[in-house]
Amino acid sequence: MAAAMTDQLEIKLKPDVKIARRGDEVVLVGEASRALRLAGTSCQLIDLLAAGCSRKALGMHLQTLGFPAGQIEPAIAAFLSRLASAGVLQSKHDSANAAQGRRMINVDPLARFFARPILLLPGWLAVSLGALALLAAVASITVASFKGRLLSFPPDFSRLSPMGFFGIIPWVLLHEFSHAVACRSIGCQVSGLGLRFRKWSGLSFFVDTRYVTLSPNRWAKAWVALAGPFMDIILLGVVSVMALLSPAGRLDDSCRLLFLMMTGALFFNLNPWRASDGSNAAVALSGNTRLLADALSFRTGQKSLGCLGYRIAALVYLLLFAAGVGYFMCVSAPSAGKWFR
């Protein structure tokens, strides 16, 4: 009796879920759900759910497609479980779940305001200005590093200004807000700014740019992923200029501390061995949502050009990381020992 009633219950997508079609694929994106990409028979079932249907109706549709009777129920269960885990199904518990969810600040109007100048510029000019800003930042970082104003460690904590301790907050906010502005610059809505607990970094800010998955432009999606690291490099350039212009003292040590923290975070955000801004950009460019898993799981035997390129990038990352660690161990460690004596 209970099973029969369950089969007749209407199943629907949440009203805020948007459906984008790209060839044989369908992408679902909602305000309070993660983006979900579907293909094959799942696309036909989504059409049924968009209008609302029962579990029995889904089974009858699979039967007309020639599914074996013994596979219909497991297939429906797996399909609905995937939709439920993505948070796109409507249920009577939606309001309770929303109340227990993460509260996010609506930064979409502010992101739209700052993205407007970018949209007014011709594409080639916007790219050129961004490249020039990046080159200027790298040049200032290089000059400051060769002059020894940034890479000596540790800084003299007794001479730190408040900027050395509290500068990290505006830097993190600017990093996340850059993702929001980039998302708006390609015409996609920003869902909000909030806090979440991540396994590798603990409590951290995040910007929900789930609607970027609706964009068909791979380069645009990669730009949104790399906007945060781009801002990190620009801010590293600003800190380098401040270190060059300031006399040795409190500001110099504060810039050094900020530079070290920001450089470490930049490497962390570009880490190809985990889900990061760098790996998200690679996934966007390749169009393969399983690129990270396929490239780093050598047991799968993936030999595509994309996987090979990703593995090379991951190896280069490890070499650069090892070089950075080696520098601090061989050059900065002795000076650190003198500082503690």
# chains A, B, ... in the order shown; residues from 1 in each chain; ligands from 1
>>> closest_atom_pairs(of="range 218-239 of chain A", to="range 260-278 of chain A", cutoff="8 Å", atoms="only C-alpha atoms", output="Markdown table")
| residue | atom | partner | partner_atom | distance |
| --- | --- | --- | --- | --- |
| A:Ala225 | CA | A:Asp277 | CA | 5.1 |
| A:Leu226 | CA | A:Asp277 | CA | 6.0 |
| A:Gly228 | CA | A:Asp277 | CA | 7.6 |
| A:Pro229 | CA | A:Leu266 | CA | 6.1 |
| A:Asp232 | CA | A:Leu266 | CA | 6.6 |
| A:Ile233 | CA | A:Leu266 | CA | 7.9 |
| A:Leu236 | CA | A:Met262 | CA | 7.1 |
>>> residues_around(residues="Ala284 in chain A", least_positions_apart="6", cutoff="7 Å", atoms="only C-alpha atoms", output="PDB file with N, CA and C atoms, in the first residue's frame")
ATOM      1  N   ARG A 218      33.598  28.183 -23.227  1.00  0.00           N
ATOM      2  CA  ARG A 218      34.569  27.561 -22.317  1.00  0.00           C
ATOM      3  C   ARG A 218      35.566  28.574 -21.787  1.00  0.00           C
ATOM      4  N   LYS A 221      34.056  30.599 -18.961  1.00  0.00           N
ATOM      5  CA  LYS A 221      33.997  29.847 -17.698  1.00  0.00           C
ATOM      6  C   LYS A 221      35.385  29.732 -17.066  1.00  0.00           C
ATOM      7  N   ALA A 222      36.416  29.563 -17.892  1.00  0.00           N
ATOM      8  CA  ALA A 222      37.780  29.516 -17.354  1.00  0.00           C
ATOM      9  C   ALA A 222      38.180  30.864 -16.769  1.00  0.00           C
TER      10      ALA A 222
END
>>> residues_around(residues="Gly192 in chain A", least_positions_apart="6", cutoff="8 Å", atoms="only C-alpha atoms", output="VMD selection string")
chain A and resid 104 to 108 207 to 209
>>> residues_around(residues="Phe67 in chain A", least_positions_apart="6", cutoff="12 Å", atoms="only C-alpha atoms", output="NGL selection string")
:A and (41 or 58-61 or 73-76)
>>> residues_around(residues="Ser185 in chain A", least_positions_apart="3", cutoff="7 Å", atoms="only C-alpha atoms", output="ChimeraX atom specification")
/A:115,118-119,181-182
>>> write_last_selection(atoms="C-alpha atoms", output="compact mmCIF listing (two decimals), in the first residue's frame")
# COMPACT_ATOMS: atom_id res chain seq x y z
CA ALA A 115 31.45 44.51 -14.28
CA ILE A 118 34.44 45.73 -18.49
CA LEU A 119 31.35 45.16 -20.63
CA VAL A 181 32.69 40.40 -11.11
CA ALA A 182 34.05 37.96 -13.71
>>> residues_around(residues="Pro117 in chain A", least_positions_apart="3", cutoff="12 Å", atoms="only C-alpha atoms", output="number ranges by chain")
A: 111-114, 120-123, 125-126, 181-182, 184-185
>>> write_last_selection(atoms="C-alpha atoms", output="PDB file, in the first residue's frame")
ATOM      1  CA  ALA A 111      29.254  42.702  -9.007  1.00  0.00           C
ATOM      2  CA  ARG A 112      27.055  43.970 -11.849  1.00  0.00           C
ATOM      3  CA  PHE A 113      28.128  47.557 -11.096  1.00  0.00           C
ATOM      4  CA  PHE A 114      31.862  46.748 -11.231  1.00  0.00           C
ATOM      5  CA  LEU A 120      31.661  48.655 -22.149  1.00  0.00           C
ATOM      6  CA  LEU A 121      35.191  47.947 -23.391  1.00  0.00           C
ATOM      7  CA  PRO A 122      35.898  46.098 -26.639  1.00  0.00           C
ATOM      8  CA  GLY A 123      36.991  42.531 -25.957  1.00  0.00           C
ATOM      9  CA  LEU A 125      41.020  46.133 -25.185  1.00  0.00           C
ATOM     10  CA  ALA A 126      39.811  44.463 -21.983  1.00  0.00           C
ATOM     11  CA  VAL A 181      32.692  40.399 -11.112  1.00  0.00           C
ATOM     12  CA  ALA A 182      34.052  37.963 -13.710  1.00  0.00           C
ATOM     13  CA  ARG A 184      28.788  39.121 -14.110  1.00  0.00           C
ATOM     14  CA  SER A 185      31.106  40.240 -16.922  1.00  0.00           C
TER      15      SER A 185
END
>>> atom_distance(atom1="CA of Leu49 in chain A", atom2="CA of Lys12 in chain A")
5.1 Å
>>> atom_distance(atom1="CA of Ser297 in chain A", atom2="CA of Glu25 in chain A")
24.9 Å
>>> atom_distance(atom1="CA of Ser81 in chain A", atom2="CA of Gly23 in chain A")
24.2 Å
>>> closest_residue(among="A:Ala39, A:Ala77, A:Val138, A:Val29", to="Gly237 in chain A", atoms="only C-alpha atoms")
A:Val138
>>> closest_residue(among="A:Ser191, A:Thr142, A:Gln90, A:Asn288", to="Arg210 in chain A", atoms="only C-alpha atoms")
A:Ser191
>>> closest_residue(among="A:Leu38, A:Ser54, A:Asp16, A:Gly66", to="Phe79 in chain A", atoms="only C-alpha atoms")
A:Leu38
